[in-house]
Each structure stands twice: as structure tokens, then as C-alpha cells.
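Shown below: my_file_2.txt, with compact mmCIF, C-alpha atoms.
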# COMPACT_ATOMS: atom_id res chain seq x y z
CA MET A 23 0.00 0.00 0.00
CA PRO A 24 1.66 3.31 -1.08
CA PRO A 25 1.93 6.10 1.47
CA THR A 26 -0.63 8.86 1.37
CA PRO A 27 0.64 12.28 0.23
CA SER A 28 0.53 13.64 3.77
CA ALA A 29 2.78 10.79 4.94
CA TRP A 30 5.76 11.76 2.78
CA THR A 31 8.44 13.46 4.82
CA SER A 32 9.74 16.89 3.85
CA THR A 33 13.40 15.85 3.76
CA GLU A 34 13.16 12.41 2.17
CA LEU A 35 15.14 12.02 -1.06
CA ARG A 36 13.40 9.53 -3.29
CA HIS A 37 14.21 8.22 -6.74
CA ASP A 38 11.32 5.79 -7.15
CA TRP A 39 8.32 8.03 -7.73
CA GLN A 40 5.27 6.42 -9.30
CA ARG A 41 2.71 8.07 -11.55
CA HIS A 42 -0.18 7.66 -9.08
CA GLU A 43 1.90 9.29 -6.34
CA ALA A 44 2.71 12.38 -8.40
CA GLN A 45 -0.93 12.66 -9.46
CA ALA A 46 -2.12 12.27 -5.87
CA LEU A 47 0.10 15.16 -4.81
CA TYR A 48 -1.06 17.35 -7.68
CA ASP A 49 -4.71 16.62 -6.89
CA LEU A 50 -4.51 17.56 -3.20
CA PRO A 51 -6.74 20.42 -2.06
CA PHE A 52 -4.77 23.55 -2.88
CA ALA A 53 -4.23 24.61 0.73
CA ASP A 54 -2.98 21.14 1.69
CA LEU A 55 -0.60 21.00 -1.28
CA ILE A 56 0.83 24.45 -0.56
CA PHE A 57 1.21 23.66 3.14
CA GLN A 58 3.19 20.50 2.37
CA ALA A 59 5.32 22.23 -0.27
CA GLN A 60 6.09 25.18 2.04
CA SER A 61 6.89 22.82 4.90
CA THR A 62 9.30 20.92 2.63
CA HIS A 63 10.81 24.19 1.46
CA ARG A 64 11.40 25.41 5.00
CA SER A 65 13.09 22.14 5.92
CA ASN A 66 15.71 22.62 3.21
CA PHE A 67 16.01 26.34 2.37
CA ASP A 68 15.62 29.82 3.79
CA PRO A 69 11.98 30.44 2.76
CA ASN A 70 12.60 34.17 2.47
CA HIS A 71 15.61 34.13 0.14
CA VAL A 72 15.62 34.06 -3.67
CA GLU A 73 18.66 33.22 -5.81
CA THR A 74 19.34 35.58 -8.73
CA ALA A 75 20.98 34.53 -11.99
CA SER A 76 21.67 36.18 -15.34
CA LEU A 77 21.64 34.52 -18.76
CA LEU A 78 23.55 35.55 -21.89
CA SER A 79 23.39 34.09 -25.38
CA ILE A 80 27.06 33.87 -26.35
CA LYS A 81 26.22 32.33 -29.73
CA THR A 82 22.74 32.93 -31.12
CA GLY A 83 20.74 31.13 -33.83
CA GLY A 84 21.61 28.70 -36.60
CA CYS A 85 21.09 25.62 -34.41
CA ALA A 86 20.85 22.29 -36.23
CA GLU A 87 18.22 20.92 -33.83
CA ASP A 88 14.53 21.05 -34.77
CA CYS A 89 13.10 21.86 -31.31
CA GLY A 90 9.62 23.01 -32.24
CA TYR A 91 9.51 25.77 -29.62
CA CYS A 92 12.82 27.45 -30.36
CA SER A 93 13.46 30.73 -32.16
CA GLN A 94 17.10 29.72 -32.72
CA SER A 95 16.49 26.59 -34.79
CA ALA A 96 17.79 26.75 -38.36
CA HIS A 97 14.77 24.66 -39.41
CA TYR A 98 12.32 27.54 -39.02
CA ASN A 99 11.89 31.01 -40.44
CA THR A 100 12.07 33.23 -37.37
CA ASP A 101 13.30 36.76 -36.84
CA VAL A 102 16.43 35.59 -35.00
CA LYS A 103 19.59 35.94 -37.05
CA ALA A 104 22.54 33.60 -36.54
CA THR A 105 25.61 35.15 -34.93
CA LYS A 106 29.16 34.01 -34.30
CA LEU A 107 30.52 33.14 -30.87
CA MET A 108 30.96 36.30 -28.83
CA ASP A 109 34.35 37.73 -27.97
CA ARG A 110 35.67 36.78 -24.54
CA ASP A 111 36.09 40.35 -23.36
CA ALA A 112 32.50 41.22 -24.30
CA VAL A 113 31.22 38.23 -22.32
CA VAL A 114 33.29 39.15 -19.28
CA ALA A 115 32.10 42.77 -19.44
CA THR A 116 28.50 41.54 -19.58
CA ALA A 117 29.11 39.25 -16.62
CA GLN A 118 30.54 42.14 -14.61
CA ARG A 119 27.45 44.24 -15.34
CA ALA A 120 25.25 41.30 -14.36
CA LYS A 121 27.10 41.03 -11.04
CA ASP A 122 26.77 44.76 -10.50
CA ALA A 123 23.04 44.43 -11.22
CA GLY A 124 22.59 41.79 -8.52
CA ALA A 125 23.25 38.41 -10.17
CA SER A 126 25.06 35.71 -8.22
CA ARG A 127 25.25 33.23 -11.09
CA PHE A 128 26.09 33.89 -14.75
CA CYS A 129 24.86 31.47 -17.40
CA MET A 130 26.34 31.30 -20.90
CA ALA A 131 24.24 29.73 -23.65
CA ALA A 132 25.27 28.75 -27.17
CA ALA A 133 22.87 27.52 -29.85
CA TRP A 134 24.74 24.35 -30.77
CA ARG A 135 23.78 20.70 -31.13
CA ASN A 136 27.16 20.03 -29.56
CA PRO A 137 30.27 22.24 -29.29
CA LYS A 138 33.31 21.78 -31.50
CA ASP A 139 36.56 21.44 -29.59
CA LYS A 140 37.98 24.68 -31.03
CA ASP A 141 34.90 26.57 -29.85
CA LEU A 142 35.03 24.86 -26.47
CA ASP A 143 38.54 26.24 -25.99
CA ARG A 144 37.11 29.74 -26.22
CA VAL A 145 34.16 28.93 -23.96
CA CYS A 146 36.49 27.49 -21.32
CA ASP A 147 38.47 30.75 -21.42
CA MET A 148 35.22 32.67 -20.87
CA VAL A 149 34.24 30.41 -17.97
CA SER A 150 37.56 30.92 -16.21
CA ALA A 151 37.38 34.69 -16.63
CA VAL A 152 33.78 34.89 -15.37
CA LYS A 153 34.68 32.67 -12.42
CA ASP A 154 37.46 35.12 -11.55
CA LEU A 155 34.80 37.81 -11.11
CA GLY A 156 33.42 35.89 -8.14
CA LEU A 157 30.30 34.65 -9.91
CA GLU A 158 28.97 31.12 -10.04
CA THR A 159 29.25 29.90 -13.62
CA CYS A 160 26.77 27.95 -15.73
CA ALA A 161 26.79 26.93 -19.39
CA THR A 162 24.37 25.34 -21.82
CA LEU A 163 26.06 24.25 -25.03
CA GLY A 164 24.13 21.19 -26.18
CA MET A 165 25.36 17.62 -25.93
CA LEU A 166 28.78 16.95 -24.40
CA THR A 167 31.36 14.19 -24.57
CA GLU A 168 32.98 13.03 -21.34
CA ASP A 169 36.20 14.85 -22.24
CA GLN A 170 34.35 18.10 -22.97
CA ALA A 171 32.50 17.94 -19.65
CA LYS A 172 35.80 17.44 -17.82
CA ARG A 173 37.42 20.36 -19.65
CA LEU A 174 34.57 22.65 -18.61
CA GLN A 175 34.90 21.50 -15.02
CA ASP A 176 38.65 22.11 -15.09
CA ALA A 177 37.99 25.64 -16.42
CA GLY A 178 35.90 26.43 -13.34
CA LEU A 179 32.35 25.72 -14.54
CA ASP A 180 29.97 25.14 -11.64
CA PHE A 181 26.72 24.14 -13.38
CA TYR A 182 25.81 22.57 -16.70
CA ASN A 183 22.30 23.19 -17.99
CA HIS A 184 20.71 20.62 -20.25
CA ASN A 185 16.91 20.53 -20.08
CA VAL A 186 14.79 17.47 -20.81
CA ASP A 187 12.08 19.93 -21.93
CA THR A 188 9.01 17.74 -21.36
CA SER A 189 7.82 14.22 -20.59
CA PRO A 190 9.18 11.21 -22.48
CA GLU A 191 5.69 10.69 -23.92
CA PHE A 192 5.36 14.22 -25.34
CA TYR A 193 9.00 14.64 -26.32
CA GLY A 194 8.72 13.17 -29.83
CA LYS A 195 6.00 15.67 -30.71
CA ILE A 196 8.35 18.64 -30.37
CA ILE A 197 11.85 17.30 -31.19
CA THR A 198 13.12 14.68 -33.65
CA THR A 199 16.83 15.50 -34.05
CA ARG A 200 17.88 14.56 -30.51
CA THR A 201 16.47 11.78 -28.34
CA MET A 202 15.60 11.94 -24.68
CA GLU A 203 18.32 9.32 -24.13
CA ASP A 204 20.87 11.73 -25.67
CA ARG A 205 19.89 14.31 -23.07
CA ILE A 206 20.08 11.88 -20.16
CA GLU A 207 23.55 10.74 -21.30
CA THR A 208 24.82 14.34 -21.38
CA LEU A 209 23.46 14.91 -17.87
CA ALA A 210 25.29 11.80 -16.67
CA ARG A 211 28.55 12.93 -18.29
CA ALA A 212 28.28 16.37 -16.68
CA ARG A 213 27.60 14.82 -13.29
CA HIS A 214 30.46 12.32 -13.69
CA ALA A 215 32.83 15.19 -14.49
CA GLY A 216 31.98 16.84 -11.18
CA LEU A 217 29.61 19.49 -12.53
CA LYS A 218 26.37 20.39 -10.82
CA VAL A 219 23.36 19.80 -13.04
CA CYS A 220 20.67 22.30 -13.99
CA CYS A 221 17.77 20.54 -15.69
CA GLY A 222 14.10 21.33 -16.14
CA GLY A 223 11.66 21.96 -18.94
CA ILE A 224 8.99 24.02 -20.62
CA ILE A 225 5.25 24.13 -20.06
CA GLY A 226 2.55 25.62 -22.24
CA MET A 227 3.53 23.90 -25.51
CA GLY A 228 0.30 21.91 -25.76
CA GLU A 229 1.23 19.18 -23.30
CA GLN A 230 -1.22 17.90 -20.69
CA VAL A 231 -0.88 17.89 -16.90
CA GLU A 232 0.14 14.24 -17.18
CA ASP A 233 3.12 15.32 -19.29
CA ARG A 234 4.17 17.96 -16.77
CA LEU A 235 4.07 15.38 -14.00
CA GLY A 236 5.89 12.92 -16.26
CA MET A 237 8.70 15.43 -16.68
CA LEU A 238 8.96 15.93 -12.92
CA MET A 239 8.99 12.16 -12.39
CA LEU A 240 11.80 11.79 -14.93
CA LEU A 241 13.89 14.39 -13.09
CA ALA A 242 13.06 13.12 -9.59
CA ASN A 243 13.89 9.53 -10.55
CA LEU A 244 17.36 10.34 -11.91
CA PRO A 245 20.21 8.82 -9.83
CA HIS A 246 20.81 12.34 -8.49
CA HIS A 247 18.20 15.07 -8.43
CA PRO A 248 19.19 18.13 -10.50
CA ASP A 249 20.78 20.81 -8.35
CA SER A 250 18.61 23.38 -10.13
CA VAL A 251 15.25 22.79 -11.80
CA PRO A 252 14.24 25.64 -14.15
CA ILE A 253 10.54 25.79 -15.02
CA ASN A 254 9.96 27.78 -18.20
CA MET A 255 6.65 28.97 -19.63
CA TRP A 256 6.83 28.92 -23.39
CA ASN A 257 7.21 32.38 -24.94
CA GLU A 258 5.42 33.10 -28.19
CA VAL A 259 7.82 32.81 -31.14
CA LYS A 260 6.91 33.57 -34.74
CA GLY A 261 7.46 30.81 -37.27
CA VAL A 262 7.83 27.73 -35.03
CA PRO A 263 5.50 24.69 -34.94
CA VAL A 264 4.60 25.00 -31.26
CA ASN A 265 2.57 28.08 -32.18
CA ASP A 266 -0.07 25.66 -33.45
CA THR A 267 -0.39 23.75 -30.19
CA ALA A 268 0.63 26.21 -27.46
CA GLU A 269 -1.74 27.02 -24.63
CA ARG A 270 -0.70 29.16 -21.68
CA PRO A 271 -1.08 27.24 -18.42
CA ASP A 272 -3.74 28.16 -15.90
CA PRO A 273 -2.01 30.10 -13.10
CA ILE A 274 -3.18 27.73 -10.38
CA ALA A 275 -1.96 24.77 -12.47
CA LEU A 276 1.48 26.42 -12.63
CA VAL A 277 1.59 26.86 -8.85
CA ARG A 278 0.54 23.22 -8.37
CA MET A 279 3.41 22.12 -10.60
CA ILE A 280 5.92 24.22 -8.66
CA ALA A 281 4.64 22.73 -5.41
CA VAL A 282 4.90 19.15 -6.69
CA ALA A 283 8.44 19.84 -7.96
CA ARG A 284 9.40 21.14 -4.51
CA ILE A 285 8.01 18.07 -2.74
CA MET A 286 9.49 15.52 -5.17
CA MET A 287 12.92 17.21 -5.26
CA PRO A 288 13.18 18.78 -1.80
CA LYS A 289 16.82 19.88 -1.96
CA SER A 290 16.81 21.20 -5.55
CA VAL A 291 16.63 24.90 -6.30
CA VAL A 292 13.43 25.50 -8.30
CA ARG A 293 13.77 28.42 -10.70
CA LEU A 294 11.06 30.52 -12.29
CA SER A 295 12.71 30.97 -15.67
CA ALA A 296 11.27 32.14 -19.01
CA GLY A 297 7.73 33.46 -19.10
CA ARG A 298 7.73 35.61 -15.99
CA GLN A 299 6.65 38.58 -18.10
CA TYR A 300 3.29 36.79 -18.38
CA MET A 301 2.97 36.42 -14.59
CA THR A 302 1.35 38.88 -12.22
CA ASP A 303 3.16 39.77 -9.02
CA GLU A 304 0.53 37.76 -7.15
CA LEU A 305 1.22 34.65 -9.23
CA GLN A 306 4.97 34.94 -8.67
CA ALA A 307 4.37 35.36 -4.95
CA LEU A 308 2.30 32.16 -4.91
CA CYS A 309 5.10 30.34 -6.74
CA PHE A 310 7.59 31.46 -4.08
CA VAL A 311 5.26 30.20 -1.35
CA ALA A 312 5.00 26.89 -3.25
CA GLY A 313 8.78 26.48 -3.19
CA ALA A 314 10.31 28.40 -6.10
CA ASN A 315 13.50 30.09 -4.90
CA SER A 316 15.41 31.31 -7.94
CA ILE A 317 14.82 33.75 -10.81
CA PHE A 318 16.67 35.12 -13.82
CA ILE A 319 17.17 38.87 -13.72
CA GLY A 320 17.74 41.25 -16.63
CA ASP A 321 15.64 42.38 -19.58
CA VAL A 322 16.22 39.41 -21.89
CA LEU A 323 16.64 35.63 -21.64
CA LEU A 324 18.45 34.56 -24.81
CA THR A 325 15.92 36.01 -27.30
CA THR A 326 12.83 36.54 -25.15
CA LYS A 327 11.71 39.24 -22.75
CA ASN A 328 12.12 39.09 -18.97
CA PRO A 329 10.87 41.40 -16.20
CA GLN A 330 13.33 44.16 -15.42
CA SER A 331 15.37 43.82 -12.26
CA ASP A 332 13.84 46.96 -10.79
CA ARG A 333 10.43 45.27 -10.87
CA ASP A 334 11.92 42.14 -9.30
CA ALA A 335 13.58 44.12 -6.53
CA ASN A 336 10.33 45.93 -5.81
CA LEU A 337 8.35 42.68 -5.65
CA LEU A 338 10.84 40.91 -3.39
CA ASP A 339 10.97 43.96 -1.13
CA ARG A 340 7.18 43.96 -0.75
CA LEU A 341 7.29 40.24 0.06
CA GLY A 342 10.05 40.73 2.63
CA MET A 343 12.34 38.39 0.68
CA THR A 344 16.09 38.81 0.34
CA SER A 345 18.36 38.38 -2.68
CA ARG A 346 21.58 39.80 -4.08
CA LEU A 347 19.44 42.60 -5.47
CA ASP A 348 19.54 43.99 -1.93
CA ASP A 349 23.30 44.45 -2.32
CA VAL A 350 22.85 46.77 -5.29
CA SER A 351 19.89 48.73 -3.95
CA GLY A 352 19.91 52.24 -5.38
CA LYS A 353 21.93 51.27 -8.43
CA SER A 354 20.48 50.87 -11.91
CA THR A 355 19.70 47.17 -12.32
CA ALA A 356 18.14 47.19 -15.78
CA ALA A 357 21.21 48.00 -17.82
CA LEU A 358 22.22 44.52 -18.93
CA PRO A 359 23.15 44.57 -22.62
CA VAL A 360 20.88 43.16 -25.30
CA THR A 361 22.25 41.59 -28.48
CA ALA A 362 21.03 42.87 -31.82
CA SER A 363 19.21 39.60 -32.52
CA ALA A 364 17.47 39.79 -29.15
CA GLN A 365 16.38 43.35 -29.85
CA ALA A 366 14.93 42.21 -33.17
CA ASP A 367 13.07 39.37 -31.49
CA MET A 368 11.69 41.72 -28.83
CA ARG A 369 10.44 44.14 -31.51
CA ALA A 370 8.82 41.30 -33.43
CA SER A 371 6.96 39.97 -30.39
CA ALA A 372 6.01 43.33 -28.93

Show me, as C-alpha cells, the structure contained in the file I just sent.
Amino acid sequence: MPPTPSAWTSTELRHDWQRHEAQALYDLPFADLIFQAQSTHRSNFDPNHVETASLLSIKTGGCAEDCGYCSQSAHYNTDVKATKLMDRDAVVATAQRAKDAGASRFCMAAAWRNPKDKDLDRVCDMVSAVKDLGLETCATLGMLTEDQAKRLQDAGLDFYNHNVDTSPEFYGKIITTRTMEDRIETLARARHAGLKVCCGGIIGMGEQVEDRLGMLMLLANLPHHPDSVPINMWNEVKGVPVNDTAERPDPIALVRMIAVARIMMPKSVVRLSAGRQYMTDELQALCFVAGANSIFIGDVLLTTKNPQSDRDANLLDRLGMTSRLDDVSGKSTAALPVTASAQADMRASA
């Protein structure tokens, strides 16, 4: 006889979640679900602190993958233009501004299926330089070999991001050029190399609640829970197939998903990532109560909009929550640079 949802402890690390258990959690009366999620959160984190990170596209567009949600895929006619890998000094200058604006972690993203070794040399140089600024470092570069993962770790990389995107059942409806197994293998290589893993997914692409829970089960049943779990709401992108199936999640459904993620992965940081521009302050506050404890700051995430840091600082201040934004109070926190391709994408979606 499986335990009832109320019988699960708030500190128990499990890797054997069953479908009926995840569904039972999700279906709890809202107050009961939030109480359990907040209790779990308090057992593992400061409930009044939010981690702040910044994300930069160091190589935009022209990706060989056919991810049906992505503005950077070469398979679709979007307004994002392919660019070359950024210069190291420009990346470091951006990272410094991100730190000055209140970020504690700096994430570098390149639109590749997998990095070439000559490009990885340059990325490793960027990682080392950003690390020297006193920031945590994160990269998302596509699939990695074992040697590439080790080289990134040697360069000072803290986290490797490689999302599973959705459930195994829904995955084939949005991506055909890379299998779910490919993603799991890259996660294992990053972990084996000593890197912390950042792995989550996207909701609002036309998947059902069962798919969202299936994604959480996949993550929670990995040999090690991801250190960070980003939850993205899909942003509208012209010219990609997901436009035909996308449906923005009900706000309460989003909060339920955050709460289930917190309970199933009690020691993982749960990040509200893309899509926060669609969320009211009240919805974000509910997500924090449900166990979310990380956000991206800055005006742009890769090629999509993001709430300005001034708005974030104001919200967290009203909630009595702390973050590194407190350290830069009074400074301008919205001056992170925007690439030309990101500006074009923002104009197109405005």
C-alpha cells in the first residue's frame, strides 16, 4: 500500500516516484498542497531568500536541432539571425554588469547541437574569466562528450544546464533530431565530471498535466536530483510549430506544478525561468510560497523578454524576501546589454 501524500516526509530524497503518487500530490486540495510544499521548502532552504541569476546568449541562432519551440532553430523562419561566438572580453564585461546588477550566477548559452573542440577552448576561457569575477558559472552548449565535460569543469564551470524539456511521452512531438536518451547521457557525463546539473523543462507547448508530472517524475527519478530545476513557460515565437499547439497554463496549475516539484525534489533549487513577463506579481508570490526560490534577472533571456530587475527588486521587497538585489539597492539594475538579434526578437513579439 503506497503512502498517502501527507505521509511523505519533507526531507526524504526519493528516486522511485510512481505516476499515481505524483498525481495524488497534484490533486490535493490547494491549501494542503501548498502547506506541504512550504513545509518541505522550510526544511531545506531559507523560505525568504531568492537566488538571482543572469543569462547571456554567447552564440545565437543557426542551431541544427529542430526543437519546435525554439526561435534559434535553423529549421524555421524566425526573426532571429545567426551570430558568431561572442568575444571573450565582451562576455566578461557583460558578466561584470550582471554582477553589478545583482546576479550571483552567470549562465552562458550557445545555440549548438554540440560544441566543436575549437569553440570549447574559447568557452572554457570565458568560464575561467567569469569565475574570476566571483560569480557562479553555468553553461548550456548542447550535448557533451565526457572529455568536454571534464574540460569545462577544469575551467571552473559550476553548473551545466541541459533541459529534458518535457515528458518522455510528449518529447517526440516537439523534437526529432535529438532523443531523450541523448539528453540523459549528457546529464550523466556532466555529473560524472563533477559538474552540478541544472535541468528542467517548458510548459505551455500543448502538453497535458500528465506530461508535466511525467517530466517531474523523470527528473526526480534520476540517480541524483538536478541541483537546479528551471521551469519555463513557453514564450510566443513567430514561425515555429509549437505556435499551433501552445496554450498558456492556468495560473493555479502552474503553482501546483511548482509545489509538486518542490516536494518531489526537496533539496533542488526551483527556478522561475522564461515566461515571468506573463505572470502577475501575485502569481509569482504564490510560486515562491509553493517552493520556487530562484529567478533570472535582466531584460532578456536569450531572445525573449524578462521582467526588469527593478520590478523584481520591488516585488521581493514587498514580500520581505532577500536576494543579491539587496546588495545593489539604489543602483540601476536594468542595464544589462541586449544583443542585436534579441532586440529584433523583442520588436517582433512586442

So which residues touch region 100-113 of chain A within 7 Å, counting all atoms listed in the file, skipping near sequence neighbours fewer than 3 positions away, as a short mmCIF file (atom, residue, chain, number, x, y, z; two decimals) with C-alpha atoms, keeping the file's coordinate frame?
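That gives us selection25.cif:
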data_model
loop_
_atom_site.label_atom_id
_atom_site.label_comp_id
_atom_site.auth_asym_id
_atom_site.auth_seq_id
_atom_site.Cartn_x
_atom_site.Cartn_y
_atom_site.Cartn_z
CA ILE A 80 27.06 33.87 -26.35
CA LYS A 81 26.22 32.33 -29.73
CA THR A 82 22.74 32.93 -31.12
CA GLY A 83 20.74 31.13 -33.83
CA GLY A 84 21.61 28.70 -36.60
CA SER A 93 13.46 30.73 -32.16
CA GLN A 94 17.10 29.72 -32.72
CA THR A 116 28.50 41.54 -19.58
CA ALA A 117 29.11 39.25 -16.62
CA MET A 148 35.22 32.67 -20.87
CA LYS A 260 6.91 33.57 -34.74
CA GLY A 261 7.46 30.81 -37.27
CA SER A 363 19.21 39.60 -32.52
CA ALA A 366 14.93 42.21 -33.17
CA ASP A 367 13.07 39.37 -31.49
#

Of the residues A:Met202, A:Val311, A:Ala215, A:Ile280, which is the one nearest to Pro252 (chain A), using all atoms listed in the file?
A:Ile280

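Counting only C-alpha atoms, Met130 (chain A) has the following residues at most 7 Å away, ignoring those fewer than 2 positions along the same chain: Leu77, Leu78, Ser79, Ile80, Phe128, Ala132, Cys160, Ala161 and Thr162 of chain A.
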
Separation of CA of Gly228 (chain A) from CA of Ala46 (chain A), in Å and rounded to one decimal:
22.2 Å

Fewer than 2 positions away in the same chain doesn't count, so skip those; otherwise give me all residues within 6 Å of region 180-186 of chain A, counting all atoms listed in the file, as a PyMOL selection string.
chain A and resi 159-162+188+217-223

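Every protein, DNA or RNA residue with an atom at most 9 Å from His37 (chain A), where all atoms listed in the file count and chain neighbours fewer than 3 positions away do not, is listed here: Met239, Leu241, Ala242, Asn243, Leu244, Pro245, His246, His247 and Met286 of chain A.
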
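Straight-line separation from CA of Asn254 (chain A) to CA of Ile225 (chain A): 6.2 Å.
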
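Among the candidates A:Ile319, A:Val152, A:Leu163, A:Met287, the residue lying nearest to Ser345 (chain A) is A:Ile319 (atoms considered: all atoms listed in the file).
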
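Here the question is which of A:Leu240, A:Ser95, A:Val72, A:Ala131 gets nearest to Leu294 (chain A) using all atoms listed in the file, and that residue is A:Val72.
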
Just how far from CA of Ala125 (chain A) is CA of Ser316 (chain A), in Å to one decimal?
10.8 Å

Taking every listed atom of region 281-289 of chain A and adding 6 Å to each side, what centre and edge lengths in Å (one decimal) does the axis-aligned box have, as AutoDock Vina command-line options?
--center_x 10.7 --center_y 19.1 --center_z -4.9 --size_x 24.2 --size_y 19.2 --size_z 18.2

Tell me which protein, DNA and RNA residues are within 10 Å of region 196-200 of chain A, counting only C-alpha atoms, leaving out same-chain ones fewer than 3 positions away, and put them as a PDB file with C-alpha atoms, in the frame of the given file.
ATOM      1  CA  ALA A  86      20.850  22.290 -36.230  1.00  0.00           C
ATOM      2  CA  GLU A  87      18.220  20.920 -33.830  1.00  0.00           C
ATOM      3  CA  ASP A  88      14.530  21.050 -34.770  1.00  0.00           C
ATOM      4  CA  CYS A  89      13.100  21.860 -31.310  1.00  0.00           C
ATOM      5  CA  GLY A  90       9.620  23.010 -32.240  1.00  0.00           C
ATOM      6  CA  TYR A  91       9.510  25.770 -29.620  1.00  0.00           C
ATOM      7  CA  CYS A  92      12.820  27.450 -30.360  1.00  0.00           C
ATOM      8  CA  ARG A 135      23.780  20.700 -31.130  1.00  0.00           C
ATOM      9  CA  MET A 165      25.360  17.620 -25.930  1.00  0.00           C
ATOM     10  CA  ASP A 187      12.080  19.930 -21.930  1.00  0.00           C
ATOM     11  CA  THR A 188       9.010  17.740 -21.360  1.00  0.00           C
ATOM     12  CA  PHE A 192       5.360  14.220 -25.340  1.00  0.00           C
ATOM     13  CA  TYR A 193       9.000  14.640 -26.320  1.00  0.00           C
ATOM     14  CA  GLU A 203      18.320   9.320 -24.130  1.00  0.00           C
ATOM     15  CA  ASP A 204      20.870  11.730 -25.670  1.00  0.00           C
ATOM     16  CA  ARG A 205      19.890  14.310 -23.070  1.00  0.00           C
ATOM     17  CA  MET A 227       3.530  23.900 -25.510  1.00  0.00           C
ATOM     18  CA  GLY A 228       0.300  21.910 -25.760  1.00  0.00           C
ATOM     19  CA  PRO A 263       5.500  24.690 -34.940  1.00  0.00           C
ATOM     20  CA  VAL A 264       4.600  25.000 -31.260  1.00  0.00           C
TER      21      VAL A 264
END

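For the choices A:Ala115, A:Cys309, A:Cys85, A:Ala296, the atom-to-atom distance to Pro137 (chain A) is smallest for A:Cys85 when using all atoms listed in the file.
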
Could you complete region 31-47 of chain A so that it carries N, CA, C and O atoms, and give it back as a compact mmCIF listing (two decimals), in the coordinates of the input?
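Output contents, as saved in part_18.txt:
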# COMPACT_ATOMS: atom_id res chain seq x y z
N THR A 31 7.70 12.51 3.99
CA THR A 31 8.44 13.46 4.82
C THR A 31 9.00 14.58 3.95
O THR A 31 9.18 14.43 2.75
N SER A 32 9.30 15.70 4.59
CA SER A 32 9.74 16.89 3.85
C SER A 32 11.22 16.86 3.51
O SER A 32 11.70 17.72 2.80
N THR A 33 11.96 15.90 4.03
CA THR A 33 13.40 15.85 3.76
C THR A 33 13.81 14.56 3.05
O THR A 33 14.97 14.36 2.76
N GLU A 34 12.86 13.71 2.77
CA GLU A 34 13.16 12.41 2.17
C GLU A 34 13.55 12.57 0.70
O GLU A 34 12.81 13.18 -0.09
N LEU A 35 14.72 12.03 0.34
CA LEU A 35 15.14 12.02 -1.06
C LEU A 35 14.76 10.69 -1.68
O LEU A 35 15.27 9.65 -1.29
N ARG A 36 13.87 10.75 -2.64
CA ARG A 36 13.40 9.53 -3.29
C ARG A 36 13.75 9.55 -4.77
O ARG A 36 13.83 10.61 -5.40
N HIS A 37 13.92 8.36 -5.31
CA HIS A 37 14.21 8.22 -6.74
C HIS A 37 13.34 7.11 -7.34
O HIS A 37 13.72 6.51 -8.35
N ASP A 38 12.20 6.88 -6.72
CA ASP A 38 11.32 5.79 -7.15
C ASP A 38 9.87 6.24 -7.23
O ASP A 38 8.95 5.50 -6.92
N TRP A 39 9.67 7.48 -7.66
CA TRP A 39 8.32 8.03 -7.73
C TRP A 39 7.48 7.30 -8.77
O TRP A 39 7.95 6.99 -9.87
N GLN A 40 6.22 7.06 -8.42
CA GLN A 40 5.27 6.42 -9.30
C GLN A 40 4.25 7.44 -9.79
O GLN A 40 3.99 8.46 -9.13
N ARG A 41 3.65 7.14 -10.95
CA ARG A 41 2.71 8.07 -11.55
C ARG A 41 1.55 8.41 -10.59
O ARG A 41 1.18 9.58 -10.45
N HIS A 42 0.98 7.40 -9.94
CA HIS A 42 -0.18 7.66 -9.08
C HIS A 42 0.20 8.52 -7.89
O HIS A 42 -0.62 9.28 -7.37
N GLU A 43 1.46 8.46 -7.45
CA GLU A 43 1.90 9.29 -6.34
C GLU A 43 2.01 10.75 -6.75
O GLU A 43 1.57 11.65 -6.01
N ALA A 44 2.60 11.00 -7.90
CA ALA A 44 2.71 12.38 -8.40
C ALA A 44 1.32 12.97 -8.63
O ALA A 44 1.06 14.13 -8.30
N GLN A 45 0.42 12.17 -9.20
CA GLN A 45 -0.93 12.66 -9.46
C GLN A 45 -1.67 12.93 -8.15
O GLN A 45 -2.40 13.91 -8.03
N ALA A 46 -1.46 12.06 -7.16
CA ALA A 46 -2.12 12.27 -5.87
C ALA A 46 -1.67 13.57 -5.22
O ALA A 46 -2.48 14.29 -4.62
N LEU A 47 -0.39 13.88 -5.33
CA LEU A 47 0.10 15.16 -4.81
C LEU A 47 -0.56 16.32 -5.55
O LEU A 47 -1.08 17.27 -4.93
